[in-house]
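Structure first, commentary second.
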Amino acid sequence: MAKTNINLLPQDLVGSASISKAAELLKRVAIGLAALFVILAGLGLALFLIFNSDLKRQQASVDSLRANIRNLEGVEQRLFLVKDRIQKASGVIKSRKIEEKTAALARVLAFMPSGMSLTEAELDVAKSKLAFSATDSSSLASFLAQLVSSGIYKEMTLKNFSFIPTSGFLVIIEAI
Amino acid sequence: MRSSILIKTLGIPALLGIIVILMYIFAGQFIYQKVTGVRDQQELSKQEEQNLRLKLAVLNDTQNTVAGFSEDVVIALPQSNPTLVAFSQIKNIALQNQILLSNMNVGAEIVDAGVSKVIMSFDADGNTAALIAFLRALESIAPINKLEKLKVTASAEAARASVSIGFFWSALPKQITTVGEGVTTLTADEQATLQTLAGLTQPEFSENVEAVPATEGRADPFTLGQ
């Protein structure tokens with residue numbers, strides 16, 4: 001015998017089947033989303049706790065490193081002082097020009113032949129003005145040849161070349 | 001009547017849906033902000049930890065090397081006018097090279113880019129070779145100096161150099177870096193300069209500087225030793 005549904009409610013009080021289905025679906029979706037939210041929130045909380053615990057560990061390590069650095073404060077001060085002095089002193093060292101010209105003059109004097117002597121040297125930042133005297137022309141010629149070939153100076157200008165019978169030759173050179 | 005049934009049937013599930021959406025919007029945002037916030041803090045902390053480790057390594061490395069040169073560099077570039085020390089040094093190398101000094105003059109202080117200098121001028125007499133040796137020795141004495149002007153006149157018997165030489169000094173640093181700030185070790189150029197400064201002929205007397213425990217804020221870390 002076939003089963004029949006008996007509904008004693010009046011027709012206007014009975015909701016349609018599609019609305020009931022929609023309501024049921026909405027309820028299930030809401031419950032599903034709520035369950036997903038709980039899972040996601042739990043995951044978020046777990047991540048928060050893990051990250052927070054890592055952060056605390058890192059901060060403890062940072063504090064310990066800071067304490068170690070404070071213990072080496074004296075070293076840091078000395079390093080800072082050394083760097084400060086080096087930076088300022090290197091500026092002075094790099095600006096030394098007359099020292100370079102004095103070294104060049106020393107190299108020139110090292111190969112000066114016996115018949116020659118330095119009579120005057122005026123050294124400034126830009127150039128060297130050198131005066132030499134020679135008793136004979138052969139020593140003067142060999143000296144000038146060596147001076148040119150030595151490459152000590154990039155540029156040389158002969159400013160004066162004179163001969164005085166009593167003292168010999170006088171040569172004035174401006175060198176850069 | 002029909003609309004009240006619709007509200008009764010759909011009302012509770014719809015309300016539930018709205019609550020879930022609001023949970024996603026507000027609670028979800030709150031949790032996301034908390035997690036990303038702690039993650040950002042963790043990144044910053046990690047960076048700081050790395051910087052501090054690097055700084056500690058540099059300090060440990062320099063403890064037995066660079067820091068040991070602090071006295072040499074202060075002698076090379078003192079904190080106050082070094083005229084007396086400079087005069088003593090010039091006199092010593094003049095004696096070593098058999099040079100006679102005369103007409104010693106000391107100029108006024110000149111300040112340029114945080115470094116002060118005083119120009120000393122004098123005449124030096126001796127034979128040409130000794131005079132050149134004397135002049136070359138000047139650059140290897142402490143305090144650090146620079147020839148400003150030089151004129152040599154020579155005859156067969158003797159030579160005279162009229163010298164103007166600047167001696168330098170600079171006030172000590174007033175503040176060092178904060179604990180968290182990084183430090184770097186010396187570059188190759190700085191190492192070379194340090195070797196030059198350490199190799200300068202030291203004076204017989206000088207001022208000593210020693211590091212003292214830093215005050216709060218790590219200011220004024222240096223003091224003049226007794």
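Lettering and numbering for the structure tokens are positional, with chains as A, B, ... in the shown order, residues counted from 1 in each chain, and ligands counted from 1 in the shown order.
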
What are the nearest atom pairs, with distances in Å to one decimal, for all residues of stretch 46-122 of chain A that come at most 10 Å from stretch 136-153 of chain A, using only C-alpha atoms, set out by chain and rising residue number as a Markdown table?
| residue | atom | partner | partner_atom | distance |
| --- | --- | --- | --- | --- |
| A:Lys101 | CA | A:Tyr153 | CA | 9.3 |
| A:Ala103 | CA | A:Ile152 | CA | 9.8 |
| A:Ala104 | CA | A:Ile152 | CA | 6.3 |
| A:Leu105 | CA | A:Ile152 | CA | 8.8 |
| A:Arg107 | CA | A:Ile152 | CA | 7.9 |
| A:Val108 | CA | A:Leu147 | CA | 7.0 |
| A:Leu109 | CA | A:Phe143 | CA | 9.9 |
| A:Phe111 | CA | A:Phe143 | CA | 7.5 |
| A:Met112 | CA | A:Phe143 | CA | 6.1 |
| A:Pro113 | CA | A:Ser139 | CA | 6.1 |
| A:Ser114 | CA | A:Ser139 | CA | 7.6 |
| A:Gly115 | CA | A:Ser139 | CA | 5.8 |
| A:Met116 | CA | A:Ser139 | CA | 6.8 |
| A:Ser117 | CA | A:Leu140 | CA | 9.9 |

Include all heavy atoms and write out the residues we just selected as a compact mmCIF listing (two decimals), in the first residue's frame.
# COMPACT_ATOMS: atom_id res chain seq x y z
N LYS A 101 108.56 65.79 -3.77
CA LYS A 101 109.58 66.55 -4.53
C LYS A 101 110.94 66.46 -3.84
O LYS A 101 111.98 66.45 -4.51
CB LYS A 101 109.13 68.00 -4.68
CG LYS A 101 107.95 68.11 -5.63
CD LYS A 101 107.46 69.51 -5.81
CE LYS A 101 106.48 69.61 -6.96
NZ LYS A 101 105.30 68.76 -6.82
N ALA A 103 111.94 63.81 -2.19
CA ALA A 103 112.40 62.46 -2.55
C ALA A 103 112.97 62.45 -3.97
O ALA A 103 114.01 61.82 -4.23
CB ALA A 103 111.24 61.47 -2.44
N ALA A 104 112.30 63.20 -4.87
CA ALA A 104 112.79 63.29 -6.25
C ALA A 104 114.15 63.98 -6.29
O ALA A 104 115.07 63.53 -7.00
CB ALA A 104 111.79 64.06 -7.10
N LEU A 105 114.30 65.03 -5.49
CA LEU A 105 115.57 65.76 -5.43
C LEU A 105 116.68 64.84 -4.91
O LEU A 105 117.81 64.85 -5.43
CB LEU A 105 115.42 67.00 -4.53
CG LEU A 105 116.68 67.85 -4.32
CD1 LEU A 105 117.17 68.44 -5.65
CD2 LEU A 105 116.41 68.99 -3.33
N ARG A 107 116.87 61.69 -5.30
CA ARG A 107 117.22 60.76 -6.39
C ARG A 107 118.11 61.45 -7.42
O ARG A 107 119.04 60.85 -7.96
CB ARG A 107 115.94 60.23 -7.06
CG ARG A 107 115.21 59.22 -6.20
CD ARG A 107 113.86 58.87 -6.80
NE ARG A 107 113.98 58.19 -8.09
CZ ARG A 107 112.99 58.04 -8.95
NH1 ARG A 107 111.80 58.51 -8.66
NH2 ARG A 107 113.17 57.40 -10.07
N VAL A 108 117.83 62.73 -7.67
CA VAL A 108 118.66 63.49 -8.61
C VAL A 108 120.08 63.64 -8.06
O VAL A 108 121.07 63.41 -8.77
CB VAL A 108 118.03 64.90 -8.89
CG1 VAL A 108 118.98 65.78 -9.68
CG2 VAL A 108 116.71 64.74 -9.62
N LEU A 109 120.15 64.00 -6.79
CA LEU A 109 121.49 64.21 -6.17
C LEU A 109 122.29 62.90 -6.14
O LEU A 109 123.52 62.92 -6.16
CB LEU A 109 121.34 64.77 -4.75
CG LEU A 109 120.72 66.17 -4.65
CD1 LEU A 109 120.59 66.61 -3.21
CD2 LEU A 109 121.54 67.20 -5.43
N PHE A 111 122.70 60.70 -8.43
CA PHE A 111 123.49 60.44 -9.64
C PHE A 111 124.25 61.68 -10.14
O PHE A 111 124.73 61.70 -11.26
CB PHE A 111 122.64 59.81 -10.77
CG PHE A 111 121.49 60.65 -11.26
CD1 PHE A 111 121.70 61.79 -12.04
CD2 PHE A 111 120.18 60.28 -10.99
CE1 PHE A 111 120.65 62.54 -12.52
CE2 PHE A 111 119.11 61.03 -11.45
CZ PHE A 111 119.35 62.17 -12.23
N MET A 112 124.34 62.69 -9.31
CA MET A 112 125.05 63.90 -9.72
C MET A 112 126.57 63.62 -9.77
O MET A 112 127.15 63.14 -8.80
CB MET A 112 124.75 65.02 -8.72
CG MET A 112 125.29 66.37 -9.18
SD MET A 112 124.91 67.63 -7.98
CE MET A 112 123.25 67.92 -8.38
N PRO A 113 127.20 63.91 -10.89
CA PRO A 113 128.64 63.63 -10.98
C PRO A 113 129.48 64.57 -10.11
O PRO A 113 128.99 65.60 -9.66
CB PRO A 113 128.94 63.83 -12.47
CG PRO A 113 127.86 64.68 -12.99
CD PRO A 113 126.67 64.46 -12.13
N SER A 114 130.72 64.23 -9.90
CA SER A 114 131.57 64.98 -8.95
C SER A 114 131.82 66.43 -9.38
O SER A 114 132.00 67.30 -8.54
CB SER A 114 132.89 64.25 -8.75
OG SER A 114 133.53 64.10 -10.01
N GLY A 115 131.78 66.70 -10.65
CA GLY A 115 132.04 68.07 -11.11
C GLY A 115 130.86 69.00 -10.96
O GLY A 115 130.93 70.17 -11.33
N MET A 116 129.78 68.52 -10.40
CA MET A 116 128.56 69.33 -10.30
C MET A 116 128.08 69.47 -8.86
O MET A 116 128.36 68.62 -8.02
CB MET A 116 127.43 68.67 -11.09
CG MET A 116 127.56 68.86 -12.58
SD MET A 116 125.98 68.59 -13.35
CE MET A 116 125.03 69.97 -12.77
N SER A 117 127.35 70.52 -8.60
CA SER A 117 126.76 70.66 -7.26
C SER A 117 125.41 71.38 -7.34
O SER A 117 125.17 72.17 -8.28
CB SER A 117 127.71 71.38 -6.32
OG SER A 117 127.94 72.68 -6.81

Query - Who sits within 10 Å of B:Ser88, only C-alpha atoms, same chain under 5 positions skipped, as a PyMOL selection string - result: chain B and resi 82-83+93-94+203-205

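Reported to one decimal place, the separation of atom CA of B:Ala198 from atom CA of B:Leu100 is 28.1 Å.
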
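Reported to one decimal place, the separation of atom CA of B:Asp123 from atom CA of A:Lys88 is 28.6 Å.
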
Requested in this report: Could you give me, as a ChimeraX atom specification, each residue of stretch 17-178 of chain B that DSSP assigns to strand (DSSP E) when run on this structure's backbone?
Outcome: /B:100-112,115-126,145-154,159-169

**Report entry** Polymer residues at most 8 Å from stretch 48-63 of chain A, only C-alpha atoms, same-chain spacing of 2 or more positions, as a ChimeraX atom specification
**Finding:** /A:44-46,65-67 /B:34-35,38-39,41-42,45-46,48-49,52

Query raised in the report: By how many Å are atom CA of A:Gln77 and atom CA of B:Ala192 apart?
Result: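 If I compute the distance from atom CA of A:Gln77 to atom CA of B:Ala192, I get 20.6 Å.
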
Query raised in the report: Near B:Ala108, within 10 Å and counting only C-alpha atoms, which residues show up once chain neighbours fewer than 5 positions away are dropped, as a ChimeraX atom specification?
Result: /B:117-120

Query raised in the report: If you count only C-alpha atoms, which residues fall within 9 Å of stretch 167-171 of chain A, apart from same-chain ones fewer than 4 positions away, as a list in words?
Result: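 Counting only the stated atoms, we get Thr119, Leu130, Ala131, Phe132, Ser133, Ala134, Thr135, Asp136, Ser137, Leu140, Leu158, Lys159, Asn160, Phe161, Ser162 and Phe163 of chain A.
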
Mind dumping the selected residues with N, CA, C and O atoms as a JSON list (two decimals), in the first residue's frame?
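Saved as selection-v5.json:
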[["chain", "number", "residue", "atom", "x", "y", "z"],
["A", 119, "THR", "N", 123.09, 74.23, -6.21],
["A", 119, "THR", "CA", 123.29, 75.55, -5.58],
["A", 119, "THR", "C", 122.00, 76.06, -4.94],
["A", 119, "THR", "O", 122.04, 76.75, -3.93],
["A", 130, "LEU", "N", 115.21, 74.15, -9.61],
["A", 130, "LEU", "CA", 116.52, 73.63, -9.20],
["A", 130, "LEU", "C", 117.64, 74.36, -9.92],
["A", 130, "LEU", "O", 117.56, 74.56, -11.15],
["A", 131, "ALA", "N", 118.65, 74.75, -9.18],
["A", 131, "ALA", "CA", 119.82, 75.42, -9.79],
["A", 131, "ALA", "C", 121.05, 74.56, -9.52],
["A", 131, "ALA", "O", 121.29, 74.14, -8.38],
["A", 132, "PHE", "N", 121.81, 74.29, -10.58],
["A", 132, "PHE", "CA", 123.02, 73.47, -10.45],
["A", 132, "PHE", "C", 124.19, 74.24, -11.02],
["A", 132, "PHE", "O", 124.04, 75.00, -11.98],
["A", 133, "SER", "N", 125.36, 74.00, -10.46],
["A", 133, "SER", "CA", 126.57, 74.57, -11.05],
["A", 133, "SER", "C", 127.48, 73.42, -11.47],
["A", 133, "SER", "O", 127.49, 72.36, -10.84],
["A", 134, "ALA", "N", 128.23, 73.67, -12.55],
["A", 134, "ALA", "CA", 129.12, 72.62, -13.05],
["A", 134, "ALA", "C", 130.46, 73.25, -13.39],
["A", 134, "ALA", "O", 130.52, 74.37, -13.94],
["A", 135, "THR", "N", 131.55, 72.59, -13.03],
["A", 135, "THR", "CA", 132.88, 73.14, -13.31],
["A", 135, "THR", "C", 133.31, 72.81, -14.75],
["A", 135, "THR", "O", 134.11, 73.53, -15.33],
["A", 136, "ASP", "N", 132.78, 71.73, -15.29],
["A", 136, "ASP", "CA", 133.14, 71.39, -16.68],
["A", 136, "ASP", "C", 131.90, 70.94, -17.46],
["A", 136, "ASP", "O", 130.90, 70.50, -16.88],
["A", 137, "SER", "N", 132.01, 71.06, -18.76],
["A", 137, "SER", "CA", 130.85, 70.79, -19.61],
["A", 137, "SER", "C", 130.53, 69.30, -19.72],
["A", 137, "SER", "O", 129.37, 68.92, -19.90],
["A", 140, "LEU", "N", 128.39, 68.22, -16.83],
["A", 140, "LEU", "CA", 127.07, 68.84, -17.01],
["A", 140, "LEU", "C", 126.26, 68.07, -18.06],
["A", 140, "LEU", "O", 125.08, 67.76, -17.86],
["A", 158, "LEU", "N", 114.15, 74.43, -19.09],
["A", 158, "LEU", "CA", 115.44, 75.05, -18.81],
["A", 158, "LEU", "C", 115.20, 76.56, -18.70],
["A", 158, "LEU", "O", 114.85, 77.22, -19.68],
["A", 159, "LYS", "N", 115.38, 77.09, -17.52],
["A", 159, "LYS", "CA", 115.09, 78.50, -17.29],
["A", 159, "LYS", "C", 116.32, 79.38, -17.49],
["A", 159, "LYS", "O", 116.20, 80.56, -17.83],
["A", 160, "ASN", "N", 117.46, 78.82, -17.23],
["A", 160, "ASN", "CA", 118.69, 79.61, -17.39],
["A", 160, "ASN", "C", 119.86, 78.67, -17.68],
["A", 160, "ASN", "O", 119.96, 77.57, -17.11],
["A", 161, "PHE", "N", 120.72, 79.12, -18.57],
["A", 161, "PHE", "CA", 121.96, 78.39, -18.84],
["A", 161, "PHE", "C", 123.02, 79.46, -19.06],
["A", 161, "PHE", "O", 122.98, 80.21, -20.03],
["A", 162, "SER", "N", 123.95, 79.56, -18.13],
["A", 162, "SER", "CA", 124.98, 80.61, -18.26],
["A", 162, "SER", "C", 126.36, 80.06, -17.91],
["A", 162, "SER", "O", 126.48, 79.02, -17.25],
["A", 163, "PHE", "N", 127.36, 80.77, -18.36],
["A", 163, "PHE", "CA", 128.73, 80.37, -18.08],
["A", 163, "PHE", "C", 129.49, 81.57, -17.54],
["A", 163, "PHE", "O", 129.50, 82.65, -18.13]]

Requested in this report: Pick out the closest residue to B:Asp72 from this set: A:Ala35, A:Ala110, A:Val82, A:Ile172. Count only C-alpha atoms.
Outcome: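 Between A:Ala35, A:Ala110, A:Val82, A:Ile172, the residue approaching B:Asp72 most closely is A:Val82.
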
Give me the residues near A:Ile93 as a PDB file with C-alpha atoms, in the first residue's frame, where near means some atom within 9 Å (using only C-alpha atoms) and where sequence neighbours in that chain fewer than 6 positions away do not count.
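Full text of around.pdb as output:
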ATOM      1  CA  ILE B 144     102.058  63.717  11.484  1.00  0.00           C
ATOM      2  CA  ASN B 145     103.322  66.636   9.460  1.00  0.00           C
ATOM      3  CA  LYS B 146     103.546  68.092   5.979  1.00  0.00           C
ATOM      4  CA  THR B 193      97.548  54.166   6.695  1.00  0.00           C
TER       5      THR B 193
END

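For A:Gly91, the list of residues within 12 Å, based on only C-alpha atoms and with local chain neighbours fewer than 3 positions off taken out, reads Asp84, Arg85, Ile86, Gln87, Lys88, Lys94, Ser95 and Arg96 of chain A; Leu77, Asp112, Ala113, Gly114, Val115, Ile144, Asn145, Lys146, Phe168, Asp189, Glu190 and Thr193 of chain B.
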
**Report entry** DSSP-assigned helix (DSSP H, G or I) members of stretch 1-172 of chain A, reported as a PyMOL selection string
**Finding:** chain A and resi 11-13+17-71+73-94+98-110+137-150

Requested in this report: Could you check which of B:Ser121, B:Gln96, B:Ser3, B:Thr153 is closest to chain A, using only C-alpha atoms?
Outcome: B:Thr153

Requested in this report: Identify which of the residues B:Ala171, B:Ile75, B:Ala57, B:Ala67 lies closest to chain A, counting only C-alpha atoms when measuring atom-to-atom distances.
Outcome: B:Ala67

Requested in this report: Find, counting only C-alpha atoms, the residue in A:Leu81, A:Leu26, A:Ala89, A:Ile164 that gets nearest to B:Leu172.
Outcome: A:Leu81

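Between A:Ala17 and the residues B:Thr9, B:Glu43, B:Asn92, B:Ser4, the shortest atom-to-atom distance, using only C-alpha atoms, involves B:Thr9.
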